[in-house]
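Notes follow the structure.
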Amino acid sequence: MSNPVSAWKAGSRWPLLLLGVLSAIVIGVGVGEAIGWPWLIAPVQSWLSKALDRRVDFGNEAGGDDARTRVGLIGSVRVQAPRIEIAAPAWSQAPHTMRAHDASLTLGYADLWRAWRGGPLHIRLLEAGELDVRLERDVDGRATWQFGKTPQADTADKPTALPSFGTLRVRSGHLILADAVSPASIDARFALSDGQLSGSTADAGAALAVATASASSASASRAAGTTAGGIAIRAGGKATGVDDASSAPVALAPGEAGLTLRGSGSYRKLPVRIDLQTSGVLDLLVEGKVAVAQPVRLVASIGRAELSFNGSTTDPLHYAGLRGSFSLAGPSLAAVGDPLGITLPATPAFRAQGRLVKDATLWNAVIDDARIGSSQLSGAFTYDTRRAVPLLAGRLGGARLLLSDLGPAVGAPAGGDGGAKVTKGPGRVIPDRAFDLPSLRKMDANVIVDIAELNTGTQVLEQLRPLRAHLLLADGVLTLSDIEARTAKGRFLGYLQLDGRGKLAKWTADLRLLGVDLAQWLQLERGANKPPYLSGKLDAQVKVAGSGRSTAEILASLDGSMRMHMREAAISHLLVEAAGIDLAQALGLVVQGDDALPILCNVADFSVDDGVVRPKIFVINTRDSTIWLDGSASLRTEALDVRAVVSPKDFSPLTLRTPVHVRGTFSKPAVSLELGKLAGKAGIAGLLALLNPLAAIIPFIDPGADKEAKRAGAECAMLVQKQGRIAKPNQRPSTTRVPPVAPER
């Protein structure tokens, strides 16, 4: 029979034994953590190498273990070593991806698992006395910042994010970027400190992404809208070429806080420079820390474009909490819009200044003053990258916009001194620069336009004051709708649309002039007490459509119609007689004084077929004469062949009465008389002069054609009833999509 006391004593040993084993394990783990697991350094290196699919080394410069190397494994993988190196992939020519000296590294187990599966690497902490980073991306999209066995595909539509950091402290850093996709090459030096031993708490982008966002992620950030940091490096500062500004190490003095970064290189074969400084610690909203805005100064450049920014930021990686004033200048708006992923027109040289605010992926800019060529503009805009397609929205205003300053967008001469390239054939007037249709699909836009004056570039016509419109860009279709402007007591209404979804751009226009006072609109000065050359109220309509890869191709394919009608109109009597080459009556008007000849009836209706403009009917009927116009003007070849005929109603003792021809081209028009009739009159006059010198004027006497004039007048009146009225147009096509200003969810 067993002893109960002995059984109880034997049973009580197991808990004690288990407790002892657990205590030994805890003590062993504690001792291992305390001394840094020296026997696990090699296994940890091997395990991290497999997790990242990249060789990982700790130790001294020779590559062996060092007594100062320590490893921690509880909660996360922590490494302290005189050197920590992550190798470059086998395809890369770089000596390594990251090499840190006097370094501490912390990696979370979950973060390593995500990286092993091909996701972006997150490093919880990296402290280094010196940090050397080499980033490379080849033409196939393979990038050295991709880790794991199955890295995510890196494409323009779905870019792989750069490594992110919870805490980064660097006494002296060096970054080299070689990106064949952008293409870009950047060499930057940086330092990051909070005034303590070697650094501050900040997102790694404070040092890395500022120098690489515009280059390594240029096309990616434009498409994805996740790293909108391109503005930091793609514009600003004066740079005439790549220099050795980044070759000198950047370091902060002991106790000094902030971020300093200097870099240079190239982007799309243009020289790039960047100089970024912050004073104070950049505490981000990372790992429970509350973001605190810190002062920041940025001067950067790409080619001839320049940017300076003074303000504050809480997150340099994504430029969150960015607030401050900026100035921006360059040879063209398109030169800045392209690297920023914003579709902007080619223009003359520009400069702008204003205020900028950015939170997360939403940019807000107030432009106090923008000078583009001779135009003076202002505005307030938001650029929202939270959408699948980024959206530019806001208001464009200003005192003056010159139409010629937008000319370079289609290859026309610049209105200012921007030196924009003119693209047109020899002897041609119409520009033939190819449209950049893919750029229309990179962004949506919803912008209200309200400009005090649109200057058409001619002193002959009164300018449009003011001009209001709605600029819409959605799904590759650019529409300037709800156009409404005032000029000479009348209105200019309609819309323009460019559909860039296909290989050929489709252009449609529906524009109207209603009730324009011709005497005021035509800025033609006359002497005192002389009537205007033309007066009355003008109604006109242009409704056309075409397609092509350039302005020249679109105009060459144009189909549609153009109509004009004058109400309560009058024309200079002298002008009519001069057009009919009535020498006697013209001379009489010069002596007696000109008067306004009422226009009894007028119709102008032009057809546009395959780029050729022909008058279906053009007649101006007065009590004195009837003016006819026929012929053609080709927008395809720029050839002119127009004939004007003036049929008199009254008797005139001295008139040539011969049709006037306008031939040649748009660039070199030539005006001539119909020599056949004129030669016939001259020959008869010569024969009659042999009989009596006074008889020589008989061929030049015109009895008039009253019956023919009455018939033309009746036909004109009938056409006015049928086609004279021009109605108010549609303000936008029915298929136009208006991008919502609210962000997509």
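Ligands are numbered from 1 in the order shown, chains are lettered A, B, ... in the order of the structure tokens, and residues start at 1 in each chain.
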
**Message:** Residues near region 29-35 of chain A, anyone? I mean within 12 Å using only C-alpha atoms, not counting same-chain ones fewer than 3 positions away, as number ranges by chain.
**Reply:** A: 22-26, 38-41, 67-80

Keeping only C-alpha atoms, write the selected residues to a file as a PDB file, in the first residue's frame.
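In the end it all went to out_14.pdb:
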ATOM      1  CA  LEU A  22      10.782  27.947 -17.419  1.00  0.00           C
ATOM      2  CA  SER A  23      12.900  30.042 -15.106  1.00  0.00           C
ATOM      3  CA  ALA A  24      16.033  28.686 -16.730  1.00  0.00           C
ATOM      4  CA  ILE A  25      14.624  29.497 -20.180  1.00  0.00           C
ATOM      5  CA  VAL A  26      13.677  33.015 -19.107  1.00  0.00           C
ATOM      6  CA  PRO A  38      26.652  36.051 -30.093  1.00  0.00           C
ATOM      7  CA  TRP A  39      26.145  32.405 -31.070  1.00  0.00           C
ATOM      8  CA  LEU A  40      23.078  33.330 -33.160  1.00  0.00           C
ATOM      9  CA  ILE A  41      24.661  36.091 -35.260  1.00  0.00           C
ATOM     10  CA  ALA A  67      32.598  41.471 -30.637  1.00  0.00           C
ATOM     11  CA  ARG A  68      30.522  44.652 -30.809  1.00  0.00           C
ATOM     12  CA  THR A  69      27.824  42.969 -32.919  1.00  0.00           C
ATOM     13  CA  ARG A  70      24.689  42.289 -30.885  1.00  0.00           C
ATOM     14  CA  VAL A  71      21.353  40.735 -31.806  1.00  0.00           C
ATOM     15  CA  GLY A  72      17.949  41.008 -30.106  1.00  0.00           C
ATOM     16  CA  LEU A  73      15.029  38.691 -30.950  1.00  0.00           C
ATOM     17  CA  ILE A  74      12.200  39.426 -28.489  1.00  0.00           C
ATOM     18  CA  GLY A  75       9.322  41.244 -30.216  1.00  0.00           C
ATOM     19  CA  SER A  76      11.431  42.108 -33.250  1.00  0.00           C
ATOM     20  CA  VAL A  77      14.817  41.467 -34.819  1.00  0.00           C
ATOM     21  CA  ARG A  78      17.273  44.049 -33.512  1.00  0.00           C
ATOM     22  CA  VAL A  79      20.866  44.307 -34.649  1.00  0.00           C
ATOM     23  CA  GLN A  80      23.689  46.539 -33.444  1.00  0.00           C
TER      24      GLN A  80
END

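Residues surrounding Ile448 (chain A) within 7 Å are Gly394, Arg395, Leu396, Ala469, His470 and Leu471 of chain A [only C-alpha atoms; sequence separation below 5 positions excluded].
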
Can you spit out the residues from that selection as an mmCIF file, in the first residue's frame, using C-alpha atoms?
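Output below, filename selection.cif:
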data_model
loop_
_atom_site.group_PDB
_atom_site.id
_atom_site.type_symbol
_atom_site.label_atom_id
_atom_site.label_comp_id
_atom_site.auth_asym_id
_atom_site.auth_seq_id
_atom_site.Cartn_x
_atom_site.Cartn_y
_atom_site.Cartn_z
ATOM 1 C CA GLY A 394 -10.151 75.270 -58.863
ATOM 2 C CA ARG A 395 -10.457 78.730 -60.331
ATOM 3 C CA LEU A 396 -8.294 80.545 -62.881
ATOM 4 C CA ALA A 469 -15.711 79.550 -69.175
ATOM 5 C CA HIS A 470 -15.577 76.082 -67.627
ATOM 6 C CA LEU A 471 -12.525 73.947 -68.414
#

**Message:** Set the distance at 7 Å and use only C-alpha atoms: which residues neighbour Phe147 (chain A) once local chain neighbours fewer than 5 positions away are removed? I'd like the list as a VMD selection string.
**Reply:** chain A and resid 52 to 53 115 to 116 118

**Request:** Using backbone DSSP assignments, extract all strand (DSSP E) residues from region 33-93 of chain A; output them as a ChimeraX atom specification.
**Result:** /A:56-58,70-72,77-86

**Message:** Neighbouring residues of region 91-94 of chain A were defined as those with any atom within 9 Å, considering only C-alpha atoms; residues of the same chain fewer than 6 positions away were excluded. Please report them as a PyMOL selection string.
**Reply:** chain A and resi 134-138+142-144

Given the selection you just returned, output its residues as a file containing C-alpha atoms, formatted as a CSV table (one decimal), in the first residue's frame.
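Saved to selection02.csv:
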chain,number,residue,atom,x,y,z
A,134,ARG,CA,22.4,52.6,-53.8
A,135,LEU,CA,19.1,52.5,-55.6
A,136,GLU,CA,18.8,51.2,-59.1
A,137,ARG,CA,16.0,50.4,-61.5
A,138,ASP,CA,16.6,48.8,-65.0
A,142,ARG,CA,13.5,45.6,-61.8
A,143,ALA,CA,14.4,47.6,-58.7
A,144,THR,CA,17.0,47.1,-56.0

Going by DSSP on the backbone, which residues of region 499-579 of chain A come out as alpha helix (DSSP H)? List them as an mmCIF file with all heavy atoms, in the first residue's frame.
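Written output follows (part.cif):
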data_model
loop_
_atom_site.group_PDB
_atom_site.id
_atom_site.type_symbol
_atom_site.label_atom_id
_atom_site.label_comp_id
_atom_site.auth_asym_id
_atom_site.auth_seq_id
_atom_site.Cartn_x
_atom_site.Cartn_y
_atom_site.Cartn_z
ATOM 1 N N LEU A 518 -20.730 96.701 -84.563
ATOM 2 C CA LEU A 518 -19.603 96.711 -85.499
ATOM 3 C C LEU A 518 -18.796 98.000 -85.428
ATOM 4 O O LEU A 518 -17.570 97.990 -85.561
ATOM 5 C CB LEU A 518 -20.117 96.488 -86.918
ATOM 6 C CG LEU A 518 -20.558 95.057 -87.235
ATOM 7 C CD1 LEU A 518 -21.357 95.030 -88.533
ATOM 8 C CD2 LEU A 518 -19.350 94.147 -87.328
ATOM 9 N N ALA A 519 -19.458 99.131 -85.229
ATOM 10 C CA ALA A 519 -18.746 100.406 -85.179
ATOM 11 C C ALA A 519 -17.772 100.444 -84.008
ATOM 12 O O ALA A 519 -16.696 101.044 -84.086
ATOM 13 C CB ALA A 519 -19.743 101.560 -85.083
ATOM 14 N N GLN A 520 -18.146 99.793 -82.911
ATOM 15 C CA GLN A 520 -17.274 99.755 -81.737
ATOM 16 C C GLN A 520 -16.285 98.607 -81.824
ATOM 17 O O GLN A 520 -15.141 98.718 -81.385
ATOM 18 C CB GLN A 520 -18.133 99.617 -80.470
ATOM 19 C CG GLN A 520 -17.340 99.569 -79.185
ATOM 20 C CD GLN A 520 -18.242 99.455 -77.967
ATOM 21 O OE1 GLN A 520 -19.408 99.870 -77.996
ATOM 22 N NE2 GLN A 520 -17.714 98.893 -76.896
ATOM 23 N N TRP A 521 -16.707 97.475 -82.400
ATOM 24 C CA TRP A 521 -15.863 96.269 -82.446
ATOM 25 C C TRP A 521 -14.670 96.470 -83.378
ATOM 26 O O TRP A 521 -13.548 96.085 -83.063
ATOM 27 C CB TRP A 521 -16.725 95.091 -82.891
ATOM 28 C CG TRP A 521 -16.054 93.757 -82.773
ATOM 29 C CD1 TRP A 521 -15.382 93.274 -81.694
ATOM 30 C CD2 TRP A 521 -16.026 92.728 -83.767
ATOM 31 N NE1 TRP A 521 -14.930 91.995 -81.936
ATOM 32 C CE2 TRP A 521 -15.312 91.639 -83.216
ATOM 33 C CE3 TRP A 521 -16.542 92.613 -85.051
ATOM 34 C CZ2 TRP A 521 -15.103 90.453 -83.915
ATOM 35 C CZ3 TRP A 521 -16.340 91.430 -85.743
ATOM 36 C CH2 TRP A 521 -15.623 90.366 -85.191
ATOM 37 N N THR A 551 -3.033 70.769 -85.305
ATOM 38 C CA THR A 551 -3.965 71.811 -85.745
ATOM 39 C C THR A 551 -4.102 71.809 -87.256
ATOM 40 O O THR A 551 -5.208 71.935 -87.798
ATOM 41 C CB THR A 551 -3.472 73.184 -85.265
ATOM 42 O OG1 THR A 551 -3.344 73.172 -83.841
ATOM 43 C CG2 THR A 551 -4.435 74.279 -85.672
ATOM 44 N N ALA A 552 -2.981 71.658 -87.957
ATOM 45 C CA ALA A 552 -3.023 71.654 -89.420
ATOM 46 C C ALA A 552 -3.864 70.497 -89.949
ATOM 47 O O ALA A 552 -4.665 70.670 -90.878
ATOM 48 C CB ALA A 552 -1.599 71.578 -89.975
ATOM 49 N N GLU A 553 -3.695 69.301 -89.376
ATOM 50 C CA GLU A 553 -4.455 68.147 -89.844
ATOM 51 C C GLU A 553 -5.942 68.305 -89.547
ATOM 52 O O GLU A 553 -6.794 67.919 -90.359
ATOM 53 C CB GLU A 553 -3.917 66.870 -89.197
ATOM 54 C CG GLU A 553 -2.556 66.437 -89.715
ATOM 55 C CD GLU A 553 -2.148 65.079 -89.175
ATOM 56 O OE1 GLU A 553 -2.990 64.405 -88.541
ATOM 57 O OE2 GLU A 553 -0.986 64.686 -89.383
ATOM 58 N N ILE A 554 -6.275 68.859 -88.382
ATOM 59 C CA ILE A 554 -7.691 69.054 -88.032
ATOM 60 C C ILE A 554 -8.343 70.039 -88.989
ATOM 61 O O ILE A 554 -9.432 69.791 -89.527
ATOM 62 C CB ILE A 554 -7.810 69.526 -86.571
ATOM 63 C CG1 ILE A 554 -7.527 68.367 -85.609
ATOM 64 C CG2 ILE A 554 -9.203 70.086 -86.307
ATOM 65 C CD1 ILE A 554 -7.531 68.765 -84.158
ATOM 66 N N LEU A 555 -7.690 71.174 -89.244
ATOM 67 C CA LEU A 555 -8.263 72.168 -90.154
ATOM 68 C C LEU A 555 -8.370 71.628 -91.572
ATOM 69 O O LEU A 555 -9.300 71.967 -92.312
ATOM 70 C CB LEU A 555 -7.428 73.437 -90.127
ATOM 71 C CG LEU A 555 -7.434 74.218 -88.804
ATOM 72 C CD1 LEU A 555 -6.567 75.456 -88.906
ATOM 73 C CD2 LEU A 555 -8.857 74.594 -88.404
ATOM 74 N N ALA A 556 -7.421 70.776 -91.961
ATOM 75 C CA ALA A 556 -7.468 70.192 -93.308
ATOM 76 C C ALA A 556 -8.634 69.234 -93.474
ATOM 77 O O ALA A 556 -9.064 68.969 -94.604
ATOM 78 C CB ALA A 556 -6.158 69.470 -93.603
ATOM 79 N N HIS A 573 -20.043 104.732 -97.876
ATOM 80 C CA HIS A 573 -20.328 104.908 -99.304
ATOM 81 C C HIS A 573 -19.028 104.913 -100.108
ATOM 82 O O HIS A 573 -18.930 104.321 -101.188
ATOM 83 C CB HIS A 573 -21.099 106.218 -99.508
ATOM 84 C CG HIS A 573 -21.791 106.302 -100.813
ATOM 85 N ND1 HIS A 573 -22.737 107.248 -101.108
ATOM 86 C CD2 HIS A 573 -21.688 105.546 -101.949
ATOM 87 C CE1 HIS A 573 -23.187 107.083 -102.338
ATOM 88 N NE2 HIS A 573 -22.560 106.055 -102.877
ATOM 89 N N LEU A 574 -18.019 105.573 -99.558
ATOM 90 C CA LEU A 574 -16.722 105.635 -100.222
ATOM 91 C C LEU A 574 -16.120 104.244 -100.372
ATOM 92 O O LEU A 574 -15.519 103.918 -101.399
ATOM 93 C CB LEU A 574 -15.777 106.541 -99.424
ATOM 94 C CG LEU A 574 -14.335 106.662 -99.948
ATOM 95 C CD1 LEU A 574 -14.329 107.265 -101.351
ATOM 96 C CD2 LEU A 574 -13.496 107.508 -98.998
ATOM 97 N N LEU A 575 -16.306 103.407 -99.351
ATOM 98 C CA LEU A 575 -15.755 102.049 -99.394
ATOM 99 C C LEU A 575 -16.414 101.237 -100.501
ATOM 100 O O LEU A 575 -15.749 100.485 -101.230
ATOM 101 C CB LEU A 575 -15.947 101.367 -98.035
ATOM 102 C CG LEU A 575 -15.253 100.023 -97.831
ATOM 103 C CD1 LEU A 575 -13.740 100.198 -97.875
ATOM 104 C CD2 LEU A 575 -15.666 99.406 -96.500
ATOM 105 N N VAL A 576 -17.732 101.385 -100.663
ATOM 106 C CA VAL A 576 -18.448 100.650 -101.711
ATOM 107 C C VAL A 576 -17.987 101.090 -103.090
ATOM 108 O O VAL A 576 -17.729 100.265 -103.984
ATOM 109 C CB VAL A 576 -19.970 100.839 -101.559
ATOM 110 C CG1 VAL A 576 -20.710 100.236 -102.751
ATOM 111 C CG2 VAL A 576 -20.447 100.207 -100.260
ATOM 112 N N GLU A 577 -17.875 102.394 -103.292
ATOM 113 C CA GLU A 577 -17.448 102.887 -104.594
ATOM 114 C C GLU A 577 -16.005 102.483 -104.898
ATOM 115 O O GLU A 577 -15.664 102.161 -106.042
ATOM 116 C CB GLU A 577 -17.583 104.414 -104.653
ATOM 117 C CG GLU A 577 -18.994 104.938 -104.435
ATOM 118 C CD GLU A 577 -19.985 104.416 -105.464
ATOM 119 O OE1 GLU A 577 -19.557 103.873 -106.501
ATOM 120 O OE2 GLU A 577 -21.206 104.543 -105.234
ATOM 121 N N ALA A 578 -15.169 102.486 -103.861
ATOM 122 C CA ALA A 578 -13.783 102.074 -104.069
ATOM 123 C C ALA A 578 -13.709 100.597 -104.410
ATOM 124 O O ALA A 578 -12.909 100.173 -105.258
ATOM 125 C CB ALA A 578 -12.956 102.379 -102.822
ATOM 126 N N ALA A 579 -14.577 99.788 -103.767
ATOM 127 C CA ALA A 579 -14.579 98.350 -104.059
ATOM 128 C C ALA A 579 -15.039 98.095 -105.489
ATOM 129 O O ALA A 579 -14.555 97.171 -106.163
ATOM 130 C CB ALA A 579 -15.474 97.615 -103.068
#

Spatial neighbours of region 559-567 of chain A, 7 Å, only C-alpha atoms, chain gap at least 5 places, as a PDB file with N, CA and C atoms, in the first residue's frame:
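Printed below is result-v3.pdb as written:
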ATOM      1  N   GLY A 536     -23.640  98.681 -87.312  1.00  0.00           N
ATOM      2  CA  GLY A 536     -24.752  97.749 -87.186  1.00  0.00           C
ATOM      3  C   GLY A 536     -24.461  96.702 -86.137  1.00  0.00           C
ATOM      4  N   LYS A 537     -25.348  95.727 -86.047  1.00  0.00           N
ATOM      5  CA  LYS A 537     -25.192  94.644 -85.077  1.00  0.00           C
ATOM      6  C   LYS A 537     -24.922  93.335 -85.825  1.00  0.00           C
ATOM      7  N   LEU A 538     -23.825  92.686 -85.432  1.00  0.00           N
ATOM      8  CA  LEU A 538     -23.391  91.469 -86.124  1.00  0.00           C
ATOM      9  C   LEU A 538     -23.782  90.234 -85.332  1.00  0.00           C
ATOM     10  N   ASP A 539     -24.383  89.270 -86.030  1.00  0.00           N
ATOM     11  CA  ASP A 539     -24.599  87.925 -85.507  1.00  0.00           C
ATOM     12  C   ASP A 539     -23.790  86.970 -86.382  1.00  0.00           C
ATOM     13  N   ALA A 540     -23.073  86.050 -85.758  1.00  0.00           N
ATOM     14  CA  ALA A 540     -22.245  85.109 -86.520  1.00  0.00           C
ATOM     15  C   ALA A 540     -22.220  83.761 -85.829  1.00  0.00           C
ATOM     16  N   GLN A 541     -21.994  82.725 -86.634  1.00  0.00           N
ATOM     17  CA  GLN A 541     -21.961  81.354 -86.117  1.00  0.00           C
ATOM     18  C   GLN A 541     -20.852  80.574 -86.806  1.00  0.00           C
ATOM     19  N   VAL A 542     -20.089  79.826 -86.002  1.00  0.00           N
ATOM     20  CA  VAL A 542     -19.104  78.882 -86.529  1.00  0.00           C
ATOM     21  C   VAL A 542     -19.405  77.531 -85.892  1.00  0.00           C
ATOM     22  N   LYS A 543     -19.740  76.551 -86.719  1.00  0.00           N
ATOM     23  CA  LYS A 543     -20.058  75.218 -86.223  1.00  0.00           C
ATOM     24  C   LYS A 543     -19.330  74.211 -87.103  1.00  0.00           C
ATOM     25  N   VAL A 544     -18.215  73.676 -86.590  1.00  0.00           N
ATOM     26  CA  VAL A 544     -17.344  72.829 -87.400  1.00  0.00           C
ATOM     27  C   VAL A 544     -16.837  71.652 -86.578  1.00  0.00           C
ATOM     28  N   ALA A 545     -16.320  70.648 -87.295  1.00  0.00           N
ATOM     29  CA  ALA A 545     -15.716  69.475 -86.659  1.00  0.00           C
ATOM     30  C   ALA A 545     -14.624  68.937 -87.568  1.00  0.00           C
ATOM     31  N   GLY A 546     -13.585  68.372 -86.952  1.00  0.00           N
ATOM     32  CA  GLY A 546     -12.489  67.789 -87.718  1.00  0.00           C
ATOM     33  C   GLY A 546     -11.692  66.840 -86.857  1.00  0.00           C
ATOM     34  N   ASN A 602     -28.416  91.618 -96.308  1.00  0.00           N
ATOM     35  CA  ASN A 602     -27.119  90.942 -96.374  1.00  0.00           C
ATOM     36  C   ASN A 602     -27.254  89.516 -95.871  1.00  0.00           C
ATOM     37  N   VAL A 603     -26.538  88.615 -96.521  1.00  0.00           N
ATOM     38  CA  VAL A 603     -26.470  87.210 -96.110  1.00  0.00           C
ATOM     39  C   VAL A 603     -25.064  86.710 -96.416  1.00  0.00           C
ATOM     40  N   ALA A 604     -24.476  86.029 -95.452  1.00  0.00           N
ATOM     41  CA  ALA A 604     -23.170  85.391 -95.674  1.00  0.00           C
ATOM     42  C   ALA A 604     -23.254  83.979 -95.102  1.00  0.00           C
ATOM     43  N   ASP A 605     -23.211  82.992 -95.981  1.00  0.00           N
ATOM     44  CA  ASP A 605     -23.329  81.590 -95.570  1.00  0.00           C
ATOM     45  C   ASP A 605     -22.222  80.804 -96.265  1.00  0.00           C
ATOM     46  N   PHE A 606     -21.270  80.283 -95.459  1.00  0.00           N
ATOM     47  CA  PHE A 606     -20.124  79.556 -95.997  1.00  0.00           C
ATOM     48  C   PHE A 606     -20.238  78.075 -95.650  1.00  0.00           C
ATOM     49  N   SER A 607     -19.901  77.227 -96.581  1.00  0.00           N
ATOM     50  CA  SER A 607     -19.790  75.797 -96.305  1.00  0.00           C
ATOM     51  C   SER A 607     -18.317  75.452 -96.093  1.00  0.00           C
ATOM     52  N   VAL A 608     -18.072  74.488 -95.234  1.00  0.00           N
ATOM     53  CA  VAL A 608     -16.713  73.993 -94.998  1.00  0.00           C
ATOM     54  C   VAL A 608     -16.732  72.502 -95.280  1.00  0.00           C
ATOM     55  N   ASP A 609     -16.031  72.092 -96.327  1.00  0.00           N
ATOM     56  CA  ASP A 609     -16.018  70.692 -96.741  1.00  0.00           C
ATOM     57  C   ASP A 609     -14.584  70.236 -96.926  1.00  0.00           C
ATOM     58  N   ASP A 610     -14.183  69.277 -96.093  1.00  0.00           N
ATOM     59  CA  ASP A 610     -12.842  68.703 -96.191  1.00  0.00           C
ATOM     60  C   ASP A 610     -11.765  69.790 -96.189  1.00  0.00           C
ATOM     61  N   GLY A 611     -11.962  70.786 -95.335  1.00  0.00           N
ATOM     62  CA  GLY A 611     -10.968  71.832 -95.174  1.00  0.00           C
ATOM     63  C   GLY A 611     -11.038  72.961 -96.173  1.00  0.00           C
ATOM     64  N   GLY A 724     -31.159  83.945 -92.031  1.00  0.00           N
ATOM     65  CA  GLY A 724     -30.522  85.081 -91.377  1.00  0.00           C
ATOM     66  C   GLY A 724     -30.449  84.993 -89.867  1.00  0.00           C
TER      67      GLY A 724
END

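You can rank A:Ala191, A:Val170, A:Ala346, A:Ile186 by their closest distance to Leu276 (chain A) using only C-alpha atoms, and at the top of that list sits A:Ala191.
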
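With CA of Leu344 (chain A) on one side and CA of Leu270 (chain A) on the other, the separation reads 19.1 Å.
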